[in-house]
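**Student:** Contents of coords-v3.cif (mmCIF, C-alpha atoms) are given next:
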data_upload
loop_
_atom_site.label_atom_id
_atom_site.label_comp_id
_atom_site.auth_asym_id
_atom_site.auth_seq_id
_atom_site.Cartn_x
_atom_site.Cartn_y
_atom_site.Cartn_z
CA MET U 1 13.53 100.17 -0.66
CA HIS U 2 15.26 99.15 2.52
CA ARG U 3 14.86 95.67 3.92
CA SER U 4 13.05 96.73 7.10
CA VAL U 5 10.29 98.36 5.06
CA GLU U 6 10.20 95.66 2.39
CA ASP U 7 9.65 92.99 5.07
CA HIS U 8 6.64 94.79 6.54
CA ILE U 9 5.05 96.47 3.54
CA GLU U 10 2.23 93.90 3.32
CA GLU U 11 1.23 94.35 6.97
CA PHE U 12 1.47 98.10 6.49
CA LEU U 13 -0.82 98.01 3.44
CA GLU U 14 -3.23 95.73 5.28
CA GLY U 15 -3.27 98.26 8.14
CA ARG U 16 -2.21 95.70 10.68
CA LEU U 17 1.37 96.60 11.42
CA GLU U 18 1.76 96.87 15.17
CA GLY U 19 4.11 97.04 18.12
CA SER U 20 7.81 97.66 17.67
CA ALA U 21 7.62 96.74 13.97
CA ARG U 22 5.14 99.55 13.44
CA GLU U 23 7.31 102.05 15.30
CA ALA U 24 10.41 101.00 13.40
CA PHE U 25 8.52 101.26 10.10
CA ALA U 26 7.21 104.74 10.93
CA ALA U 27 10.64 105.94 12.08
CA HIS U 28 12.27 104.65 8.91
CA VAL U 29 9.78 106.17 6.46
CA ALA U 30 10.01 109.47 8.34
CA ASP U 31 13.74 109.58 7.60
CA CYS U 32 14.07 107.78 4.30
CA ARG U 33 12.64 109.68 1.38
CA GLN U 34 12.94 106.74 -1.02
CA CYS U 35 11.09 104.30 1.26
CA HIS U 36 8.48 106.90 2.09
CA ASP U 37 7.71 107.54 -1.59
CA LEU U 38 7.58 103.88 -2.48
CA ALA U 39 5.33 103.00 0.45
CA SER U 40 3.05 105.90 -0.45
CA GLN U 41 2.87 104.87 -4.12
CA MET U 42 2.19 101.26 -3.20
CA GLN U 43 -0.56 102.45 -0.89
CA VAL U 44 -2.12 104.50 -3.71
CA HIS U 45 -2.02 101.47 -6.02
CA SER U 46 -3.53 99.31 -3.31
CA GLU U 47 -6.45 101.73 -3.05
CA LEU U 48 -6.81 101.95 -6.83
CA LEU U 49 -7.03 98.18 -7.05
CA HIS U 50 -10.09 98.25 -4.82
CA ALA U 51 -11.89 99.66 -7.86
CA PHE U 52 -12.09 96.05 -9.04
CA SER U 53 -14.21 94.98 -6.09
CA ALA U 54 -17.73 94.04 -7.11
CA PRO U 55 -20.35 96.32 -5.50
CA ALA U 56 -21.91 93.28 -3.82
CA GLU U 57 -22.02 89.52 -4.24
CA LEU U 58 -23.99 89.12 -7.47
CA GLU U 59 -25.89 86.14 -8.76
CA PRO U 60 -25.79 85.23 -12.44
CA PRO U 61 -29.22 85.14 -14.12
CA PRO U 62 -31.30 81.98 -13.51
CA GLY U 63 -30.50 78.98 -15.68
CA PHE U 64 -26.78 79.62 -15.54
CA TYR U 65 -25.79 75.96 -15.12
CA ALA U 66 -27.89 74.96 -18.16
CA ARG U 67 -26.16 77.61 -20.26
CA VAL U 68 -22.75 76.43 -19.06
CA MET U 69 -23.60 72.86 -20.08
CA ARG U 70 -24.82 74.05 -23.49
CA ARG U 71 -21.49 75.74 -23.96
CA VAL U 72 -19.65 72.64 -22.78
CA GLU U 73 -21.59 70.57 -25.33
CA ALA U 74 -20.91 73.07 -28.11
CA GLU U 75 -17.21 73.23 -27.32
CA GLY U 76 -16.91 69.53 -26.70
CA ARG U 77 -18.41 68.51 -30.04
CA PRO U 78 -15.43 67.20 -31.95
CA SER U 79 -14.76 69.08 -35.17
CA PHE U 80 -12.36 67.83 -37.84
CA TRP U 81 -9.63 70.14 -36.51
CA ASN U 82 -10.29 69.15 -32.90
CA LEU U 83 -9.87 65.56 -33.99
CA LEU U 84 -6.45 66.36 -35.45
CA LEU U 85 -5.45 68.16 -32.27
CA ASP U 86 -6.52 65.26 -30.08
CA PRO U 87 -3.26 63.73 -28.77
CA VAL U 88 -4.50 60.11 -28.84
CA PHE U 89 -5.80 60.45 -32.38
CA GLY U 90 -2.58 62.23 -33.41
CA ARG U 91 -0.43 59.44 -31.96
CA ASN U 92 -2.49 56.78 -33.72
CA LEU U 93 -2.24 58.75 -36.95
CA VAL U 94 1.55 58.86 -36.67
CA TYR U 95 1.73 55.10 -36.00
CA ALA U 96 -0.58 54.35 -38.93
CA SER U 97 1.43 56.61 -41.27
CA ALA U 98 4.72 55.04 -40.18
CA SER U 99 3.30 51.52 -40.73
CA LEU U 100 2.07 52.50 -44.19
CA VAL U 101 5.46 53.92 -45.17
CA ILE U 102 7.19 50.73 -44.00
CA LEU U 103 4.72 48.52 -45.91
CA MET U 104 5.15 50.57 -49.08
CA GLY U 105 8.91 50.37 -48.74
CA VAL U 106 8.80 46.60 -48.33
CA PHE U 107 6.46 46.31 -51.33
CA LEU U 108 8.69 48.42 -53.56
CA LEU U 109 11.80 46.47 -52.58
CA ALA U 110 10.01 43.18 -53.19
CA THR U 111 8.74 44.16 -56.66
CA GLU U 112 11.96 45.78 -57.97
CA PRO U 113 13.62 43.69 -60.78
CA VAL U 114 16.74 41.92 -59.56
CA GLY U 115 20.02 43.11 -61.04
CA HIS U 116 18.59 46.31 -62.40
CA GLN U 117 20.85 49.16 -61.55
CA LEU U 118 20.70 52.74 -62.61
CA ALA U 119 23.51 53.88 -64.84
CA SER U 120 25.36 56.95 -63.78
CA THR U 121 26.90 57.79 -67.21
CA PRO U 122 25.55 57.55 -70.81
CA VAL U 123 28.18 54.98 -71.70
CA GLN U 124 27.11 52.78 -68.81
CA ALA U 125 23.49 53.29 -69.83
CA MET U 126 24.20 52.15 -73.39
CA ALA U 127 26.21 49.22 -72.15
CA ALA U 128 23.45 48.26 -69.77
CA GLU U 129 20.73 48.53 -72.38
CA PRO U 130 19.59 45.06 -73.31
CA THR U 131 20.47 44.08 -76.81
CA VAL U 132 17.46 43.35 -78.90
CA ALA U 133 17.42 39.76 -80.00
CA VAL U 134 17.34 39.77 -83.74
CA ASP U 135 15.01 37.33 -85.30
CA GLU U 136 17.13 36.12 -88.26
CA GLU U 137 14.23 34.38 -90.00
CA ASN U 138 12.01 37.44 -90.00
CA LEU U 139 14.91 39.62 -91.12
CA GLN U 140 15.58 37.34 -94.12
CA SER U 141 11.90 37.30 -95.19
CA GLY U 142 11.85 41.07 -94.89
CA ARG U 143 14.83 41.39 -97.19
CA ASP U 144 13.25 39.00 -99.70
CA SER U 145 10.01 40.90 -99.84
CA LEU U 146 11.98 44.14 -100.31
CA LEU U 147 13.88 42.65 -103.29
CA VAL U 148 10.60 41.39 -104.82
CA THR U 149 9.12 44.83 -104.44
CA LEU U 150 12.12 46.51 -106.09
CA ALA U 151 12.23 43.96 -108.99
CA THR U 152 8.59 44.36 -109.78
CA PHE U 153 8.63 48.17 -109.44
CA GLY U 154 9.40 48.77 -113.13
CA GLU U 155 6.61 46.54 -114.28
CA MET Z 1 5.94 112.80 4.71
CA SER Z 2 2.81 112.86 6.74
CA GLY Z 3 0.72 110.63 4.40
CA VAL Z 4 2.28 107.29 5.22
CA ILE Z 5 2.81 108.08 8.87
CA ASP Z 6 -0.82 109.13 9.26
CA VAL Z 7 -1.95 105.77 7.95
CA LEU Z 8 -0.05 104.11 10.75
CA SER Z 9 -2.48 105.60 13.22
CA PHE Z 10 -5.42 103.76 11.61
CA PRO Z 11 -7.17 101.30 13.93
CA LEU Z 12 -5.41 98.00 13.64
CA ALA Z 13 -7.02 94.68 13.05
CA GLY Z 14 -6.03 91.94 15.48
CA SER Z 15 -3.15 89.99 14.12
CA ALA Z 16 -4.05 86.49 13.23
CA GLY Z 17 -1.91 83.67 14.54
CA ARG Z 18 0.54 82.72 11.87
CA THR Z 19 0.40 79.19 10.84
CA LYS Z 20 3.22 77.82 8.78
CA ALA Z 21 1.51 74.48 8.30
CA LYS Z 22 1.01 73.67 4.65
CA VAL Z 23 -2.51 72.82 3.66
CA ASP Z 24 -2.93 69.53 1.85
CA HIS Z 25 -5.49 70.36 -0.80
CA SER Z 26 -5.77 66.75 -1.89
CA LYS Z 27 -7.54 65.62 1.29
CA SER Z 28 -10.34 68.12 1.68
CA ASP Z 29 -14.06 67.73 0.94
CA GLU Z 30 -13.44 69.83 -2.10
CA ALA Z 31 -10.85 67.31 -3.30
CA LEU Z 32 -13.47 64.55 -3.14
CA LEU Z 33 -15.76 66.70 -5.23
CA VAL Z 34 -12.99 67.33 -7.75
CA ARG Z 35 -12.17 63.62 -7.94
CA ARG Z 36 -15.83 62.88 -8.62
CA VAL Z 37 -15.78 65.38 -11.51
CA GLN Z 38 -12.52 63.91 -12.76
CA SER Z 39 -14.19 60.51 -12.89
CA GLY Z 40 -17.02 61.95 -15.00
CA ASP Z 41 -19.70 62.70 -12.39
CA GLU Z 42 -21.74 65.58 -13.84
CA MET Z 43 -23.68 66.11 -10.61
CA ALA Z 44 -20.39 66.91 -8.89
CA PHE Z 45 -19.62 69.42 -11.62
CA ARG Z 46 -23.03 70.97 -11.09
CA GLU Z 47 -22.20 71.27 -7.38
CA ILE Z 48 -18.97 73.10 -8.22
CA VAL Z 49 -20.80 75.49 -10.56
CA GLU Z 50 -23.50 76.21 -7.99
CA ARG Z 51 -20.95 76.64 -5.21
CA TYR Z 52 -18.81 79.18 -7.06
CA GLN Z 53 -21.04 80.78 -9.70
CA SER Z 54 -21.91 83.91 -7.72
CA LYS Z 55 -18.30 84.38 -6.57
CA ILE Z 56 -16.94 84.03 -10.10
CA TYR Z 57 -19.70 86.15 -11.62
CA SER Z 58 -19.01 88.92 -9.06
CA ILE Z 59 -15.25 88.81 -9.70
CA ILE Z 60 -15.80 89.15 -13.43
CA TYR Z 61 -18.36 91.89 -12.99
CA GLY Z 62 -15.90 93.69 -10.69
CA ILE Z 63 -13.34 93.71 -13.50
CA LEU Z 64 -15.55 94.26 -16.55
CA ARG Z 65 -18.55 96.13 -15.10
CA ASN Z 66 -20.85 94.72 -17.70
CA ARG Z 67 -23.47 92.11 -16.85
CA ASN Z 68 -23.75 90.52 -20.30
CA ASP Z 69 -20.01 90.19 -20.63
CA ALA Z 70 -19.77 88.91 -17.06
CA GLU Z 71 -22.29 86.16 -17.83
CA ASP Z 72 -20.53 85.22 -21.05
CA ILE Z 73 -17.08 85.08 -19.43
CA ALA Z 74 -18.45 83.18 -16.41
CA GLN Z 75 -19.87 80.52 -18.75
CA GLN Z 76 -16.52 80.34 -20.50
CA VAL Z 77 -14.70 79.98 -17.17
CA PHE Z 78 -16.85 77.04 -16.08
CA ALA Z 79 -16.58 75.41 -19.50
CA LYS Z 80 -12.79 75.65 -19.13
CA VAL Z 81 -13.05 74.20 -15.64
CA TYR Z 82 -15.08 71.31 -17.07
CA PHE Z 83 -12.50 70.52 -19.75
CA SER Z 84 -9.37 71.13 -17.65
CA ILE Z 85 -10.30 69.72 -14.27
CA ARG Z 86 -8.65 66.41 -15.06
CA ASN Z 87 -5.35 68.36 -15.02
CA PHE Z 88 -6.06 69.92 -11.63
CA ASP Z 89 -3.24 68.69 -9.38
CA PHE Z 90 -4.38 69.90 -5.92
CA ARG Z 91 -1.32 72.13 -5.47
CA SER Z 92 -3.66 75.03 -4.74
CA SER Z 93 -7.26 75.22 -3.61
CA LEU Z 94 -9.93 74.73 -6.26
CA LEU Z 95 -11.12 78.30 -5.84
CA THR Z 96 -7.59 79.68 -6.38
CA TRP Z 97 -7.31 77.60 -9.53
CA ILE Z 98 -10.71 78.78 -10.81
CA TYR Z 99 -9.79 82.33 -9.82
CA LYS Z 100 -6.68 82.19 -12.03
CA ILE Z 101 -8.76 80.92 -14.95
CA THR Z 102 -11.25 83.72 -14.31
CA VAL Z 103 -8.68 86.51 -14.26
CA ASN Z 104 -7.00 85.09 -17.38
CA GLU Z 105 -10.32 84.91 -19.21
CA CYS Z 106 -11.08 88.52 -18.24
CA TYR Z 107 -7.71 89.66 -19.53
CA ASP Z 108 -8.05 87.65 -22.74
CA TYR Z 109 -11.36 89.40 -23.23
CA LEU Z 110 -9.84 92.80 -22.44
CA ARG Z 111 -7.05 92.16 -24.92
CA LYS Z 112 -9.57 91.39 -27.62
CA LYS Z 113 -11.66 94.43 -26.87
CA LYS Z 114 -9.95 97.78 -26.60
CA VAL Z 115 -9.48 98.46 -22.92
CA ARG Z 116 -10.44 102.11 -22.97
CA LYS Z 117 -13.55 101.47 -25.02
CA LEU Z 118 -14.62 98.72 -22.67
CA VAL Z 119 -14.34 100.76 -19.52
CA TYR Z 120 -16.34 103.64 -20.90
CA GLU Z 121 -18.94 101.39 -22.45
CA SER Z 122 -19.52 99.53 -19.19
CA ASP Z 123 -23.03 99.28 -17.81
CA PHE Z 124 -22.11 101.18 -14.69
CA SER Z 125 -25.69 101.84 -13.71
CA GLU Z 126 -26.91 104.40 -11.23
CA ASP Z 127 -27.80 101.47 -8.99
CA ASP Z 128 -24.22 100.18 -9.07
CA ALA Z 129 -22.87 103.65 -8.47
CA MET Z 130 -25.12 103.99 -5.42
CA LYS Z 131 -24.08 100.58 -4.14
CA MET Z 132 -20.42 101.46 -4.57
CA GLU Z 133 -20.83 104.75 -2.82
CA ASN Z 134 -22.64 103.11 0.07
CA SER Z 135 -20.39 100.09 0.35
CA ASP Z 136 -17.98 99.87 3.26
CA GLY Z 137 -14.36 100.33 2.39
CA ALA Z 138 -15.01 102.12 -0.86
CA THR Z 139 -11.83 104.07 -1.20
CA GLU Z 140 -12.86 106.61 -3.75
CA GLN Z 141 -16.24 107.56 -2.43
CA SER Z 142 -15.77 111.25 -2.99
CA ALA Z 143 -14.35 110.81 -6.51
CA PRO Z 144 -16.70 111.58 -9.39
CA ILE Z 145 -17.78 108.66 -11.52
CA ASP Z 146 -15.59 109.54 -14.53
CA GLN Z 147 -12.59 109.80 -12.21
CA ARG Z 148 -13.40 106.32 -10.96
CA LEU Z 149 -13.70 105.02 -14.51
CA ALA Z 150 -10.38 106.62 -15.38
CA ASN Z 151 -8.80 104.94 -12.35
CA ARG Z 152 -10.26 101.61 -13.41
CA ASP Z 153 -8.91 102.17 -16.88
CA LEU Z 154 -5.46 102.78 -15.40
CA VAL Z 155 -5.64 99.68 -13.19
CA VAL Z 156 -6.73 97.51 -16.11
CA LYS Z 157 -3.77 98.75 -18.14
CA LEU Z 158 -1.29 98.33 -15.30
CA LEU Z 159 -2.42 94.80 -14.52
CA ALA Z 160 -2.07 93.91 -18.19
CA LYS Z 161 1.67 94.62 -17.87
CA ILE Z 162 2.39 91.97 -15.25
CA SER Z 163 2.42 88.19 -15.43
CA GLU Z 164 -0.70 86.05 -14.96
CA GLU Z 165 0.59 84.74 -11.64
CA ASP Z 166 1.42 88.21 -10.27
CA ARG Z 167 -1.94 89.52 -11.46
CA SER Z 168 -3.92 86.78 -9.73
CA LEU Z 169 -1.91 87.18 -6.55
CA ILE Z 170 -2.34 90.96 -6.42
CA LEU Z 171 -6.07 90.70 -7.12
CA LEU Z 172 -6.55 87.97 -4.51
CA LYS Z 173 -4.79 90.21 -2.01
CA GLU Z 174 -6.19 93.61 -2.85
CA VAL Z 175 -9.59 92.89 -4.33
CA GLU Z 176 -10.60 89.68 -2.57
CA GLY Z 177 -8.95 90.87 0.65
CA HIS Z 178 -7.02 87.70 1.46
CA SER Z 179 -4.14 88.02 3.90
CA VAL Z 180 -0.63 86.74 3.22
CA GLU Z 181 -1.34 83.76 5.49
CA GLU Z 182 -4.50 82.90 3.60
CA LEU Z 183 -2.74 83.26 0.26
CA ALA Z 184 -0.02 80.91 1.47
CA LYS Z 185 -2.65 78.31 2.36
CA MET Z 186 -4.54 78.80 -0.87
CA THR Z 187 -1.55 78.57 -3.16
CA GLY Z 188 0.55 76.05 -1.25
CA MET Z 189 3.50 78.49 -1.14
CA ASN Z 190 5.10 79.70 2.07
CA GLU Z 191 4.39 83.16 3.46
CA ASN Z 192 7.80 84.58 2.65
CA THR Z 193 7.48 83.51 -0.95
CA ILE Z 194 4.06 85.18 -1.12
CA LYS Z 195 5.47 88.37 0.39
CA VAL Z 196 8.38 88.46 -2.04
CA LYS Z 197 6.10 87.77 -5.01
CA LEU Z 198 3.65 90.45 -3.92
CA PHE Z 199 6.44 92.96 -3.37
CA ARG Z 200 7.91 92.30 -6.82
CA ALA Z 201 4.47 92.51 -8.41
CA ARG Z 202 3.89 95.87 -6.71
CA GLN Z 203 7.28 97.11 -7.93
CA LYS Z 204 6.37 96.08 -11.49
CA LEU Z 205 3.06 97.92 -11.19
CA LEU Z 206 4.88 101.05 -10.05
CA LYS Z 207 7.36 100.84 -12.90
CA SER Z 208 4.53 100.35 -15.39
CA ALA Z 209 2.67 103.32 -13.93
CA GLN Z 210 5.77 105.47 -14.21
CA ARG Z 211 6.18 104.48 -17.84
CA LEU Z 212 2.49 104.94 -18.60
CA LEU Z 213 2.18 108.29 -16.88
CA ARG Z 214 5.73 109.33 -17.82
CA ILE Z 215 6.70 110.03 -14.23
CA PRO Z 216 10.46 110.33 -13.81
CA ALA Z 217 11.50 107.06 -12.19
CA ARG Z 218 13.18 106.92 -8.81
CA SER Z 219 14.84 103.67 -7.84
CA VAL Z 220 11.96 101.26 -7.18
#
Render the structure in this file as structure tokens.
**Tutor:**
Amino acid sequence: MHRSVEDHIEEFLEGRLEGSAREAFAAHVADCRQCHDLASQMQVHSELLHAFSAPAELEPPPGFYARVMRRVEAEGRPSFWNLLLDPVFGRNLVYASASLVILMGVFLLATEPVGHQLASTPVQAMAAEPTVAVDEENLQSGRDSLLVTLATFGE
Amino acid sequence: MSGVIDVLSFPLAGSAGRTKAKVDHSKSDEALLVRRVQSGDEMAFREIVERYQSKIYSIIYGILRNRNDAEDIAQQVFAKVYFSIRNFDFRSSLLTWIYKITVNECYDYLRKKKVRKLVYESDFSEDDAMKMENSDGATEQSAPIDQRLANRDLVVKLLAKISEEDRSLILLKEVEGHSVEELAKMTGMNENTIKVKLFRARQKLLKSAQRLLRIPARSV
């Protein structure tokens, strides 16, 4: 569409194009097939859109405000999911979770045995394994009782 | 090419003086009412509902042509207004803002329900048909009722193809009958912007119609 028509199409569709602008518009659409067709189609659409006009100003049935407020109450009642979607609650939840993670981290670090390191190879693991302190006295009494048992076996 | 040229001989309405002054929507009586609602005053909300309920109900009925659905969607619109009014930033008039919510709600509803089914199931009563036929400016008075329903069906489908903003603007212009100057005041945009937006929206509607009706496209 040419500029001269594009600039005045709204006034044309409103039916209030006048004076020299109106003459120029008419002269142009009489000569320009493309602008003529587009203006005609836009006019048809404009008329079709009037189908959306209400037949007259209508009133909703009595008690409309009360029904609106009932709906507001029903929609405003916080459900569990609404609570999660609430930005303030969500922000507080994030802060609380972050604090909990930090506290747990501090607790774990504080309770971890000092000097305990994880071995990366089996050899290191065996080397790191604490040697069991052998109770020499108990070991000796164990051997003695074993010898007594063997000596008395034949009897 | 007589069609368009003939229209030019229609009686012309007096041209309104063009004001370029921007309207400050934050200093009107309406703004005071909105601020009262924003601060939790339910009486102010009631005033808003009572001020706009018939307008909103009529707009919805104009689109859906079903009284029960119109009531349901109108309730939904005002419930949305109640919950969202704290985000209202006075860039447009309150009615324009509610109008956008209304049109969006209607189209959400239309998306959920099959468009064709809805139009043919509408409660287009004899009474409504009479009112439409007798109303001034009815453009399709001679068209039979099923032709009118088919046209509505087409318009519903075409409007579904354009953006929410374009849809509201086109409906405010064509259905509510606001002029470019009024739209500029209502939306806080300047007149040229409104004209450009309307023109682009009309082009999109034409392209959609060509695709829908499989008309060979000329350069739009």
**Student:** Residues of chain U within 6 Å of chain Z, counting only C-alpha atoms, what are they? List them as an MDAnalysis selection string.
**Tutor:** chainID U and resid 15:16 26 40 50 52:55 57:59 68 72
**Student:** Show which residues sit within 12 Å of U:Ala24, as a PyMOL selection string. Count all atoms listed in the file, and ignore same-chain residues fewer than 6 positions away.
**Tutor:** (chain U and resi 3-5+7-8+12+17-18+30-32) or (chain Z and resi 5+8)
**Student:** Please identify all polymer residues within 10 Å of Z:Ser163, counting only C-alpha atoms, omitting same-chain residues fewer than 5 positions from it, and present them as a list in words.
**Tutor:**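 Here the qualifying residues turn out to be Ser168, Leu169, Ala201 and Lys204 of chain Z.
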**Student:** Please report the interatomic distance between atom CA of Z:Lys113 and atom CA of Z:Lys157 in Å with one decimal.
**Tutor:**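 Computed distance, atom CA of Z:Lys113 to atom CA of Z:Lys157, equals 12.5 Å.
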**Student:** Could you work out how far atom CA of Z:Arg167 lies from atom CA of Z:Lys197, giving the answer in Å with one decimal?
**Tutor:**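 A separation of 10.5 Å between them.
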**Student:** Please measure the separation of atom CA of Z:Glu164 and atom CA of Z:Ile101, giving the value in Å to one decimal.
**Tutor:**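 Distance between the two atoms: 9.6 Å.
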**Student:** Which of these, Z:Ser84, Z:Lys27, Z:Ile98, Z:Met189, has the shortest distance to Z:Ile48 once you count all atoms listed in the file?
**Tutor:**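 Closest residue, counting all atoms listed in the file: Z:Ile98.
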**Student:** Return as JSON, numbers by chain the set of residues that the PyMOL selection byres ((chain Z and resi 86) around 10) yields on the displayed structure.
**Tutor:** {"Z": [34, 35, 37, 38, 39, 40, 81, 82, 83, 84, 85, 87, 88, 89]}
**Student:** For Z:Thr96, which residue among Z:Arg214, Z:Ser208, Z:Tyr52, Z:Ala150 is the nearest when counting all atoms listed in the file?
**Tutor:**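 Among the listed residues, Z:Tyr52 lies closest to Z:Thr96.
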